[in-house]
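S.K.: One structure is given below, represented as structure tokens, and several questions about it will come after.
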Amino acid sequence: MNKLNSSVALAIAATAAAVSAQNPSMVRGIGWRTEAIFTVGETVGSYQPVGILDGVAAFPGRRPGTALVLVNHELNEGNGYAYDLANGTSLTGARVSAMEISRTRNGGVVRSAGLAYDTIYDRQGNVVTDPAQVNEDGNAIDGFARFCSSQGVQRGTYGFVDDLYFTGEESGTPFHPHGGSEWVVDVRGRAIWAAPALGRGAWENVTAIDTGRRDTVALLLGDDTAGAPMYLYVGQKNALGDRSFLDRNGLAVGQLHYWVADNGDTSPQQFNTKGNSRRGHFVAIDVQDASMAGMPGYDAQGYLDDSTLRDAAVAAGAFQFSRPEDLHTNPANGRQVAFASTGRGQLFPADNWGTTYIIEVDFAALGAVATFSIISDADGEPVPDMDVRSPDNLCWADNGNIYINEDRSTSPSSLFGAVSGMDASIWELDASNGWAPTRIGEVNRTVVLPLDATDAGAGTLGVPETSGVLDVTAFFPTQRGETLLLATVQAHGIQDGSIGGNPLLDEGGQLIFLTNQGVDHALRCTDNGTGVDITIDVTNGNAGNGYAIVLAVQNAGNAPFGWFYGVDVTVGELAYLVPPLVGLLDGEGNGRADFTLPGLACPLGLRLDTVALEVAMDGTPAQAGPAVTLDF
């Protein structure tokens with residue numbers, strides 16, 4: 001997203017600052033450091049956010065060095081404790097929290113928190129006084145359904161007038177009466193508006209793109225359904241002339257389109273594998289037919305149900321992606337977008353592990369065209385489980401790299417982690433190295449928070465997921481060369497105790513920082529022709545001349561690790577003994593260890609579960625650094 005130095009004034013209900021009391025992070029960094037900011041179950045002032053944290057966006061805070069962070073809660077419409085709007089209307093279900101966050105040397109501080117809105121405008125533009133205006137099924141106080149990923153757009157960027165927060169209902173027919181709506185938070189006005197002109201869908205996310213014109217705005221939209229088109233919305237600003245929030249931002253009147261591949265391909269069965277690309281064009285499709293109002297497949301105003309819209313596009317030749325997920329625009333190029341499709345092997349066997357694309361959009365004289373290029377496709381790798389699996393939320397960062405979360409979606413699900421042994425992870429795709437993937441974080445199943453909760457999914461890889469991820473380097477004080485990410489953890493299975501299940505907070509979760517500075521450990525594996533060279537870098541460890549970097553290894557199924565000189569490494573049936581002294585820390589706490597394992601190739605799938613910093617020369621642990629798992 002483009003970032004402007006504008007200030008955002010937002011009244012937040014609770015004002016007492018809080019640092020997460022749950023210091024252990026639900027994500028362990030791999031070459032990166034993690035800091036827990038907020039854990040579901042905590043209260044900020046009088047406000048207690050519910051669980052299932054998902055999409056995030058950030059805006060400049062009211063004070064220098066702070067950010068206003070909006071975060072989704074992906075609850076079903078009947079879940080979570082009820083909350084009240086300004087007019088007294090009570091709703092349950094999905095919602096958006098706003099948190100003002102600052103960063104200290106010890107991590108993030110939530111200075112205040114509350115709901116991001118106190119007024120809702122329905123699909124007819126009316127103020128909501130009855131939950132049925134939102135849920136469309138008339139069920140008690142049911143509210144929004146499953147707010148998933150989100151996108152923040154600051155005023156003055158991509159043609160938008162206001163600070164906007166886009167969040168869609170990831171709920172389609174038959175689970176929703178007509179399919180989800182796209183909703184837009186007026187961040188400064190503390191109101192959330194339905195945007196029916198964008199059509200119905202099981203919306204995962206949208207991202208803004210540059211049309212090159214002052215009178216139009218454009219969004220790419222992902223419908224998280226197996227076999228769904230990529231949609232493009234082009235909106236006309238001030239088309240109604242009523243100065244309303246939706247109209248001045250081009251969200252009241254516009255045209256939806258779907259993408260068609262020029263060569264006739266219609267699914268990942270024909271278009272797959274890293275390095276391949278397809279050029280195509282967008283075709284207009286109407287989202288409303290007033291003559292069909294109230295008929296099957298249409299709502300009371302004649303808007304097409306999500307399935308009606310999707311089926312019409314597919315019948316006309318739209319390319320069907322295998323679960324369009326998140327999208328994010330290149331901050332250096334407003335017509336270039338990163339796009340993740342999570343994969344659905346049951347429908348498209350060629351895309352069981354998911355695919356990541358870059359989309360290049362060109363608003364030509366005769367309409368919009370776009371080229372999709374594949375930059376990650378685990379199905380085409382020798383060992384899919386060692387690559388990016390089931391890509392979900394993503395972010396194109398200011399440093400040019402793309403960061404991706406995983407959400408287990410393989411068929412069968414037992415494939416996820418079966419070879420690697422790795423839980424849901426966060427990846428970095430390196431723009432300077434052909435989008436080479438590096439795992440920088442993994443869900444830490446040893447952390448179950450709050451302490452009175454239980455993990456119903458213990459022992460099953462991929463049950464929790466890392467979800468929203470966002471580059472927030474520009475919002476906080478950072479070191480030179482530092483990249484600072486903000487991410488959410490959906491701790492599916494963390495229930496009971498103070499979480500209380502569906503009627504209360506629903507599930508556990510956490511909001512975290514990830515930084516590539518102050519890193520305790522970084523590991524590289526390089527093929528040397530006859531084996532592999534292993535390099536471990538230690539940065540900013542506890543300073544102390546004469547201390548060694550000593551490795552302690554715990555392979556799957558082995559007894560707990562211990563401290564010792566050297567490492568007895570076992571890979572399959574091959575055993576290696578790493579030399580006793582593999583590196584020294586200098587007086588500033590930095591060091592490097594190098595060793596070689598012959599007869600192997602990268603990646604090994606080996607886990608080094610601990611790197612001990614500052615182990616005395618006699619082998620006695622001195623001030624040992626934090627234990628992390630390293631993979632190569």
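Convention: chains lettered A, B, ... in structure tokens order; per-chain residue numbering from 1; ligands numbered from 1 as shown.
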Going by DSSP on the backbone, which residues of region 349-418 of chain A come out as helix (DSSP H, G or I)? List them as a PDB file with all heavy atoms, in the first residue's frame.
M.R.:
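The resulting file, out.pdb, is shown below:
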ATOM      1  N   PRO A 349      -6.238 -31.144  -9.729  1.00  0.00           N
ATOM      2  CA  PRO A 349      -5.118 -31.936  -9.206  1.00  0.00           C
ATOM      3  C   PRO A 349      -3.758 -31.291  -9.455  1.00  0.00           C
ATOM      4  O   PRO A 349      -2.816 -31.530  -8.691  1.00  0.00           O
ATOM      5  CB  PRO A 349      -5.247 -33.260  -9.968  1.00  0.00           C
ATOM      6  CG  PRO A 349      -6.696 -33.350 -10.341  1.00  0.00           C
ATOM      7  CD  PRO A 349      -7.130 -31.948 -10.597  1.00  0.00           C
ATOM      8  N   ALA A 350      -3.633 -30.476 -10.499  1.00  0.00           N
ATOM      9  CA  ALA A 350      -2.361 -29.828 -10.798  1.00  0.00           C
ATOM     10  C   ALA A 350      -2.047 -28.693  -9.834  1.00  0.00           C
ATOM     11  O   ALA A 350      -0.934 -28.157  -9.857  1.00  0.00           O
ATOM     12  CB  ALA A 350      -2.361 -29.302 -12.237  1.00  0.00           C
ATOM     13  N   ASP A 351      -3.014 -28.319  -8.994  1.00  0.00           N
ATOM     14  CA  ASP A 351      -2.794 -27.221  -8.050  1.00  0.00           C
ATOM     15  C   ASP A 351      -3.267 -27.625  -6.662  1.00  0.00           C
ATOM     16  O   ASP A 351      -4.148 -26.990  -6.083  1.00  0.00           O
ATOM     17  CB  ASP A 351      -3.508 -25.954  -8.514  1.00  0.00           C
ATOM     18  CG  ASP A 351      -3.000 -24.713  -7.797  1.00  0.00           C
ATOM     19  OD1 ASP A 351      -1.952 -24.796  -7.131  1.00  0.00           O
ATOM     20  OD2 ASP A 351      -3.655 -23.658  -7.890  1.00  0.00           O
ATOM     21  N   ALA A 378       4.453 -24.996  -5.594  1.00  0.00           N
ATOM     22  CA  ALA A 378       5.052 -26.161  -4.947  1.00  0.00           C
ATOM     23  C   ALA A 378       4.732 -27.453  -5.683  1.00  0.00           C
ATOM     24  O   ALA A 378       5.502 -28.418  -5.598  1.00  0.00           O
ATOM     25  CB  ALA A 378       4.590 -26.264  -3.487  1.00  0.00           C
ATOM     26  N   ASP A 379       3.611 -27.514  -6.407  1.00  0.00           N
ATOM     27  CA  ASP A 379       3.269 -28.727  -7.147  1.00  0.00           C
ATOM     28  C   ASP A 379       4.347 -29.086  -8.157  1.00  0.00           C
ATOM     29  O   ASP A 379       4.513 -30.267  -8.496  1.00  0.00           O
ATOM     30  CB  ASP A 379       1.934 -28.545  -7.871  1.00  0.00           C
ATOM     31  CG  ASP A 379       0.758 -28.491  -6.923  1.00  0.00           C
ATOM     32  OD1 ASP A 379       0.219 -29.556  -6.584  1.00  0.00           O
ATOM     33  OD2 ASP A 379       0.386 -27.375  -6.498  1.00  0.00           O
ATOM     34  N   GLY A 380       5.083 -28.091  -8.645  1.00  0.00           N
ATOM     35  CA  GLY A 380       6.126 -28.347  -9.632  1.00  0.00           C
ATOM     36  C   GLY A 380       7.493 -28.606  -9.040  1.00  0.00           C
ATOM     37  O   GLY A 380       8.456 -28.822  -9.784  1.00  0.00           O
ATOM     38  N   PRO A 384       7.161 -31.023  -2.768  1.00  0.00           N
ATOM     39  CA  PRO A 384       6.277 -29.881  -2.539  1.00  0.00           C
ATOM     40  C   PRO A 384       6.232 -29.410  -1.093  1.00  0.00           C
ATOM     41  O   PRO A 384       6.128 -28.205  -0.822  1.00  0.00           O
ATOM     42  CB  PRO A 384       4.908 -30.408  -2.995  1.00  0.00           C
ATOM     43  CG  PRO A 384       5.218 -31.476  -3.979  1.00  0.00           C
ATOM     44  CD  PRO A 384       6.472 -32.116  -3.490  1.00  0.00           C
ATOM     45  N   ASP A 385       6.355 -30.347  -0.160  1.00  0.00           N
ATOM     46  CA  ASP A 385       6.223 -29.993   1.259  1.00  0.00           C
ATOM     47  C   ASP A 385       7.398 -29.181   1.777  1.00  0.00           C
ATOM     48  O   ASP A 385       7.355 -28.672   2.894  1.00  0.00           O
ATOM     49  CB  ASP A 385       6.063 -31.276   2.090  1.00  0.00           C
ATOM     50  CG  ASP A 385       5.593 -31.005   3.501  1.00  0.00           C
ATOM     51  OD1 ASP A 385       4.729 -30.128   3.689  1.00  0.00           O
ATOM     52  OD2 ASP A 385       6.100 -31.655   4.430  1.00  0.00           O
ATOM     53  N   MET A 386       8.465 -29.045   0.968  1.00  0.00           N
ATOM     54  CA  MET A 386       9.617 -28.244   1.376  1.00  0.00           C
ATOM     55  C   MET A 386       9.540 -26.832   0.821  1.00  0.00           C
ATOM     56  O   MET A 386      10.441 -26.021   1.052  1.00  0.00           O
ATOM     57  CB  MET A 386      10.921 -28.913   0.913  1.00  0.00           C
ATOM     58  CG  MET A 386      11.154 -30.300   1.481  1.00  0.00           C
ATOM     59  SD  MET A 386      11.266 -30.320   3.285  1.00  0.00           S
ATOM     60  CE  MET A 386      12.742 -29.353   3.547  1.00  0.00           C
ATOM     61  N   SER A 413      -5.296 -33.591   3.791  1.00  0.00           N
ATOM     62  CA  SER A 413      -4.635 -32.620   4.654  1.00  0.00           C
ATOM     63  C   SER A 413      -3.382 -33.197   5.304  1.00  0.00           C
ATOM     64  O   SER A 413      -2.475 -32.454   5.691  1.00  0.00           O
ATOM     65  CB  SER A 413      -5.596 -32.115   5.730  1.00  0.00           C
ATOM     66  OG  SER A 413      -6.050 -33.191   6.542  1.00  0.00           O
ATOM     67  N   SER A 414      -3.306 -34.526   5.404  1.00  0.00           N
ATOM     68  CA  SER A 414      -2.154 -35.169   6.038  1.00  0.00           C
ATOM     69  C   SER A 414      -0.863 -34.977   5.245  1.00  0.00           C
ATOM     70  O   SER A 414       0.229 -35.200   5.765  1.00  0.00           O
ATOM     71  CB  SER A 414      -2.420 -36.662   6.217  1.00  0.00           C
ATOM     72  OG  SER A 414      -2.701 -37.281   4.972  1.00  0.00           O
ATOM     73  N   LEU A 415      -0.948 -34.540   3.977  1.00  0.00           N
ATOM     74  CA  LEU A 415       0.249 -34.257   3.200  1.00  0.00           C
ATOM     75  C   LEU A 415       1.014 -33.072   3.766  1.00  0.00           C
ATOM     76  O   LEU A 415       2.240 -32.993   3.649  1.00  0.00           O
ATOM     77  CB  LEU A 415      -0.120 -33.964   1.740  1.00  0.00           C
ATOM     78  CG  LEU A 415      -0.634 -35.136   0.899  1.00  0.00           C
ATOM     79  CD1 LEU A 415      -1.041 -34.643  -0.490  1.00  0.00           C
ATOM     80  CD2 LEU A 415       0.416 -36.227   0.782  1.00  0.00           C
TER      81      LEU A 415
END
S.K.: Quick one: everything within 10 Å of region 183-185 of chain A, counting only C-alpha atoms, minus sequence neighbours fewer than 5 positions away in the same chain. Send it as a short mmCIF file (atom, residue, chain, number, x, y, z; two decimals) with N, CA, C and O atoms, in the first residue's frame.
M.R.:
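Written out: part_8.cif:
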data_model
loop_
_atom_site.label_atom_id
_atom_site.label_comp_id
_atom_site.auth_asym_id
_atom_site.auth_seq_id
_atom_site.Cartn_x
_atom_site.Cartn_y
_atom_site.Cartn_z
N LEU A 70 -5.88 -1.61 12.32
CA LEU A 70 -7.19 -2.24 12.26
C LEU A 70 -7.00 -3.72 11.96
O LEU A 70 -6.19 -4.09 11.09
N VAL A 96 -14.39 -5.62 13.46
CA VAL A 96 -13.07 -5.04 13.23
C VAL A 96 -12.67 -4.29 14.49
O VAL A 96 -13.43 -3.44 14.99
N ALA A 116 -13.68 -0.48 15.57
CA ALA A 116 -13.26 0.49 14.57
C ALA A 116 -14.43 1.30 14.03
O ALA A 116 -14.22 2.24 13.26
N TYR A 117 -15.64 0.98 14.40
CA TYR A 117 -16.83 1.67 13.88
C TYR A 117 -17.91 1.64 14.95
O TYR A 117 -17.92 0.77 15.83
N THR A 119 -21.20 2.79 13.65
CA THR A 119 -22.37 2.91 12.79
C THR A 119 -22.19 2.00 11.59
O THR A 119 -21.08 1.91 11.05
N ILE A 120 -23.28 1.34 11.18
CA ILE A 120 -23.25 0.47 10.00
C ILE A 120 -24.28 0.96 9.00
O ILE A 120 -25.42 1.29 9.37
N TYR A 121 -23.88 1.01 7.71
CA TYR A 121 -24.80 1.34 6.62
C TYR A 121 -24.98 0.09 5.76
O TYR A 121 -24.01 -0.51 5.30
N ASP A 122 -26.25 -0.32 5.54
CA ASP A 122 -26.52 -1.57 4.84
C ASP A 122 -26.41 -1.41 3.32
O ASP A 122 -26.01 -0.35 2.81
N ARG A 123 -26.80 -2.43 2.58
CA ARG A 123 -26.64 -2.44 1.13
C ARG A 123 -27.55 -1.43 0.44
O ARG A 123 -27.36 -1.11 -0.73
N PHE A 144 -22.11 -9.72 11.06
CA PHE A 144 -21.29 -9.99 9.88
C PHE A 144 -20.78 -11.43 9.90
O PHE A 144 -20.58 -12.03 10.95
N PHE A 147 -15.22 -11.95 8.44
CA PHE A 147 -14.30 -10.98 7.85
C PHE A 147 -12.92 -11.64 7.74
O PHE A 147 -12.34 -12.05 8.73
N SER A 150 -7.85 -8.21 4.70
CA SER A 150 -8.29 -6.81 4.63
C SER A 150 -7.24 -5.99 3.91
O SER A 150 -6.10 -6.42 3.72
N GLN A 151 -7.62 -4.80 3.54
CA GLN A 151 -6.72 -3.90 2.84
C GLN A 151 -6.95 -2.47 3.30
O GLN A 151 -8.09 -1.99 3.30
N GLY A 152 -5.90 -1.80 3.72
CA GLY A 152 -5.99 -0.40 4.08
C GLY A 152 -5.47 0.46 2.95
O GLY A 152 -4.44 0.17 2.36
N ASP A 162 -10.70 9.24 0.99
CA ASP A 162 -10.68 9.01 2.43
C ASP A 162 -9.73 7.90 2.80
O ASP A 162 -9.28 7.12 1.94
N ASP A 163 -9.44 7.79 4.11
CA ASP A 163 -8.74 6.62 4.63
C ASP A 163 -9.74 5.47 4.68
O ASP A 163 -10.78 5.57 5.37
N LEU A 164 -9.45 4.38 3.96
CA LEU A 164 -10.39 3.28 3.79
C LEU A 164 -9.80 1.98 4.31
O LEU A 164 -8.59 1.73 4.20
N TYR A 165 -10.69 1.14 4.83
CA TYR A 165 -10.31 -0.21 5.24
C TYR A 165 -11.31 -1.17 4.62
O TYR A 165 -12.50 -1.18 4.97
N PHE A 166 -10.85 -1.95 3.62
CA PHE A 166 -11.71 -2.89 2.91
C PHE A 166 -11.69 -4.23 3.64
O PHE A 166 -10.63 -4.77 3.95
N THR A 167 -12.86 -4.79 3.88
CA THR A 167 -12.96 -6.10 4.50
C THR A 167 -14.19 -6.81 3.94
O THR A 167 -15.28 -6.23 3.87
N GLY A 168 -14.03 -8.04 3.49
CA GLY A 168 -15.13 -8.76 2.86
C GLY A 168 -15.60 -9.93 3.69
O GLY A 168 -14.85 -10.51 4.49
N GLU A 169 -16.86 -10.29 3.49
CA GLU A 169 -17.41 -11.48 4.14
C GLU A 169 -17.04 -12.70 3.30
O GLU A 169 -17.45 -12.83 2.15
N ARG A 190 -15.61 6.53 11.49
CA ARG A 190 -16.04 5.45 12.40
C ARG A 190 -17.34 4.80 11.94
O ARG A 190 -18.23 4.52 12.74
N ALA A 191 -17.45 4.58 10.64
CA ALA A 191 -18.63 3.92 10.09
C ALA A 191 -18.18 2.86 9.10
O ALA A 191 -17.11 2.97 8.50
N ILE A 192 -19.00 1.81 8.93
CA ILE A 192 -18.70 0.76 7.97
C ILE A 192 -19.86 0.66 6.99
O ILE A 192 -21.03 0.63 7.39
N TRP A 193 -19.53 0.66 5.70
CA TRP A 193 -20.52 0.72 4.63
C TRP A 193 -20.47 -0.54 3.77
O TRP A 193 -19.39 -1.01 3.41
N ALA A 194 -21.64 -1.06 3.40
CA ALA A 194 -21.70 -2.10 2.37
C ALA A 194 -21.45 -1.44 1.02
O ALA A 194 -21.87 -0.30 0.78
N ALA A 195 -20.77 -2.16 0.11
CA ALA A 195 -20.48 -1.65 -1.23
C ALA A 195 -21.04 -2.62 -2.26
O ALA A 195 -20.30 -3.42 -2.85
N PRO A 196 -22.35 -2.60 -2.49
CA PRO A 196 -22.98 -3.59 -3.38
C PRO A 196 -22.52 -3.52 -4.82
O PRO A 196 -22.59 -4.51 -5.54
N LEU A 198 -19.72 -3.66 -5.94
CA LEU A 198 -18.60 -4.57 -6.16
C LEU A 198 -19.05 -6.01 -6.36
O LEU A 198 -18.22 -6.89 -6.67
N TRP A 203 -15.73 -13.25 -0.27
CA TRP A 203 -14.61 -12.35 -0.48
C TRP A 203 -13.46 -12.59 0.49
O TRP A 203 -13.64 -12.56 1.70
N PHE A 245 -20.00 9.13 1.12
CA PHE A 245 -18.74 8.43 1.31
C PHE A 245 -18.45 7.49 0.14
O PHE A 245 -17.35 7.50 -0.43
N LEU A 246 -19.41 6.63 -0.23
CA LEU A 246 -19.19 5.68 -1.31
C LEU A 246 -19.00 6.40 -2.63
O LEU A 246 -18.12 6.04 -3.43
N LEU A 251 -17.07 4.13 -5.18
CA LEU A 251 -17.57 2.81 -4.77
C LEU A 251 -19.08 2.67 -4.89
O LEU A 251 -19.62 1.62 -4.55
#
S.K.: Among the residues of region 12-178 of chain A, find those DSSP assigns to strand (DSSP E or B) from the backbone and print them as number ranges by chain.
M.R.: A: 14, 18, 27-29, 33-40, 42, 44, 47, 53-60, 66-73, 83-84, 90-91, 94-104, 107-115, 119-121, 127, 144, 147-153, 164-170
S.K.: Kindly indicate which residue among A:Ala332, A:Ala368, A:Leu347, A:Val383 lies nearest to Tyr233 (chain A), using only C-alpha atoms for the distances.
M.R.: A:Ala368
S.K.: Nearest to Leu53 (chain A) among A:Gly501, A:Ser409, A:Ala94, A:Gln288, with distances taken over only C-alpha atoms: which residue is it?
M.R.: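 The closest residue to Leu53 (chain A) is A:Ala94.
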S.K.: Give me, as a list of chain:residue names, all polymer residues having an atom no more than 6 Å from Gly508 (chain A), counting only C-alpha atoms and skipping those fewer than 3 positions away in the same chain.
M.R.: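 The residues satisfying every condition are A:Val40, A:Gly51, A:Ala491, A:Ile494.
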S.K.: I need the residues from that last selection saved to file as a PDB file, in the first residue's frame (with N, CA and C atoms), if you can.
M.R.:
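Okay, this is what ended up in result-v9.pdb:
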ATOM      1  N   VAL A  40      -5.093 -13.003  22.502  1.00  0.00           N
ATOM      2  CA  VAL A  40      -6.535 -13.110  22.754  1.00  0.00           C
ATOM      3  C   VAL A  40      -6.761 -13.605  24.178  1.00  0.00           C
ATOM      4  N   GLY A  51     -11.492 -13.440  19.296  1.00  0.00           N
ATOM      5  CA  GLY A  51     -10.439 -14.195  18.643  1.00  0.00           C
ATOM      6  C   GLY A  51     -10.524 -14.242  17.134  1.00  0.00           C
ATOM      7  N   ALA A 491      -5.093 -19.136  16.259  1.00  0.00           N
ATOM      8  CA  ALA A 491      -4.777 -20.342  17.030  1.00  0.00           C
ATOM      9  C   ALA A 491      -6.011 -21.232  17.101  1.00  0.00           C
ATOM     10  N   ILE A 494      -7.331 -23.484  20.171  1.00  0.00           N
ATOM     11  CA  ILE A 494      -7.104 -22.918  21.503  1.00  0.00           C
ATOM     12  C   ILE A 494      -8.448 -22.444  22.040  1.00  0.00           C
TER      13      ILE A 494
END
S.K.: Identify, on the basis of only C-alpha atoms, every residue whose closest approach to Leu91 (chain A) does not exceed 9 Å; exclude the query and any residue fewer than 5 positions from it along the same chain; express the result as a count of residues only.
M.R.: 14
S.K.: Write out as a list in words each polymer residue whose atoms come within 9 Å of Gly172 (chain A), counting only C-alpha atoms; drop sequence neighbours fewer than 6 positions from it.
M.R.: His178, Gly179, Gly180, Arg200, Gly201, Ala202, Trp203, Thr225, Asp305, Asp306 and Ser307 of chain A
S.K.: Take the residues just selected and output them with N, CA and C atoms as a PDB file, in the first residue's frame.
M.R.:
ATOM      1  N   HIS A 178     -27.246 -14.980   0.149  1.00  0.00           N
ATOM      2  CA  HIS A 178     -26.958 -14.569  -1.231  1.00  0.00           C
ATOM      3  C   HIS A 178     -25.470 -14.474  -1.532  1.00  0.00           C
ATOM      4  N   GLY A 179     -24.625 -14.720  -0.547  1.00  0.00           N
ATOM      5  CA  GLY A 179     -23.186 -14.530  -0.715  1.00  0.00           C
ATOM      6  C   GLY A 179     -22.740 -13.249  -0.042  1.00  0.00           C
ATOM      7  N   GLY A 180     -21.490 -13.230   0.357  1.00  0.00           N
ATOM      8  CA  GLY A 180     -20.987 -12.126   1.159  1.00  0.00           C
ATOM      9  C   GLY A 180     -20.937 -10.803   0.433  1.00  0.00           C
ATOM     10  N   ARG A 200     -21.320  -9.693  -5.277  1.00  0.00           N
ATOM     11  CA  ARG A 200     -21.331 -10.675  -4.189  1.00  0.00           C
ATOM     12  C   ARG A 200     -20.215 -11.700  -4.385  1.00  0.00           C
ATOM     13  N   GLY A 201     -19.695 -12.217  -3.273  1.00  0.00           N
ATOM     14  CA  GLY A 201     -18.674 -13.249  -3.356  1.00  0.00           C
ATOM     15  C   GLY A 201     -18.338 -13.773  -1.982  1.00  0.00           C
ATOM     16  N   ALA A 202     -17.582 -14.846  -1.913  1.00  0.00           N
ATOM     17  CA  ALA A 202     -16.978 -15.287  -0.653  1.00  0.00           C
ATOM     18  C   ALA A 202     -15.649 -14.549  -0.570  1.00  0.00           C
ATOM     19  N   TRP A 203     -15.730 -13.247  -0.268  1.00  0.00           N
ATOM     20  CA  TRP A 203     -14.606 -12.346  -0.479  1.00  0.00           C
ATOM     21  C   TRP A 203     -13.460 -12.593   0.488  1.00  0.00           C
ATOM     22  N   THR A 225     -13.154 -19.146  -3.478  1.00  0.00           N
ATOM     23  CA  THR A 225     -13.963 -20.309  -3.847  1.00  0.00           C
ATOM     24  C   THR A 225     -13.163 -21.145  -4.830  1.00  0.00           C
ATOM     25  N   ASP A 305     -26.613 -13.431  -6.799  1.00  0.00           N
ATOM     26  CA  ASP A 305     -25.930 -14.176  -5.749  1.00  0.00           C
ATOM     27  C   ASP A 305     -24.493 -14.451  -6.186  1.00  0.00           C
ATOM     28  N   ASP A 306     -23.629 -14.753  -5.215  1.00  0.00           N
ATOM     29  CA  ASP A 306     -22.233 -15.014  -5.568  1.00  0.00           C
ATOM     30  C   ASP A 306     -22.119 -16.164  -6.560  1.00  0.00           C
ATOM     31  N   SER A 307     -22.911 -17.224  -6.389  1.00  0.00           N
ATOM     32  CA  SER A 307     -22.851 -18.377  -7.296  1.00  0.00           C
ATOM     33  C   SER A 307     -23.412 -18.030  -8.673  1.00  0.00           C
TER      34      SER A 307
END
S.K.: Calculate how many Å separate CA of Gly500 (chain A) from CA of Val71 (chain A), rounding to one decimal.
M.R.: 20.8 Å
S.K.: Nearest to Phe38 (chain A) among A:Asp289, A:Glu74, A:Glu100, A:Asp137, with distances taken over only C-alpha atoms: which residue is it?
M.R.: A:Glu100
S.K.: Pick the closest to Pro49 (chain A) from A:Ala98, A:Ile30, A:Ala312, A:Val234: which is it, counting only C-alpha atoms?
M.R.: A:Ala98
S.K.: Leaving out Val217 (chain A) and any residue of its chain fewer than 3 positions from it, which residues lie within 10 Å of it when counting only C-alpha atoms, given as a PyMOL selection string?
M.R.: chain A and resi 157-160+208-214+233-237+249-251+254
S.K.: Between A:Gln490, A:Asn393, A:Gln48, A:Asn72, which one has atoms that come closest to Leu504 (chain A), using only C-alpha atoms?
M.R.: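 Closest residue, counting only C-alpha atoms: A:Gln48.
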S.K.: CA of Asn205 (chain A) and CA of Arg28 (chain A), how far apart in Å?
M.R.: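 Interatomic distance here is 26.6 Å.
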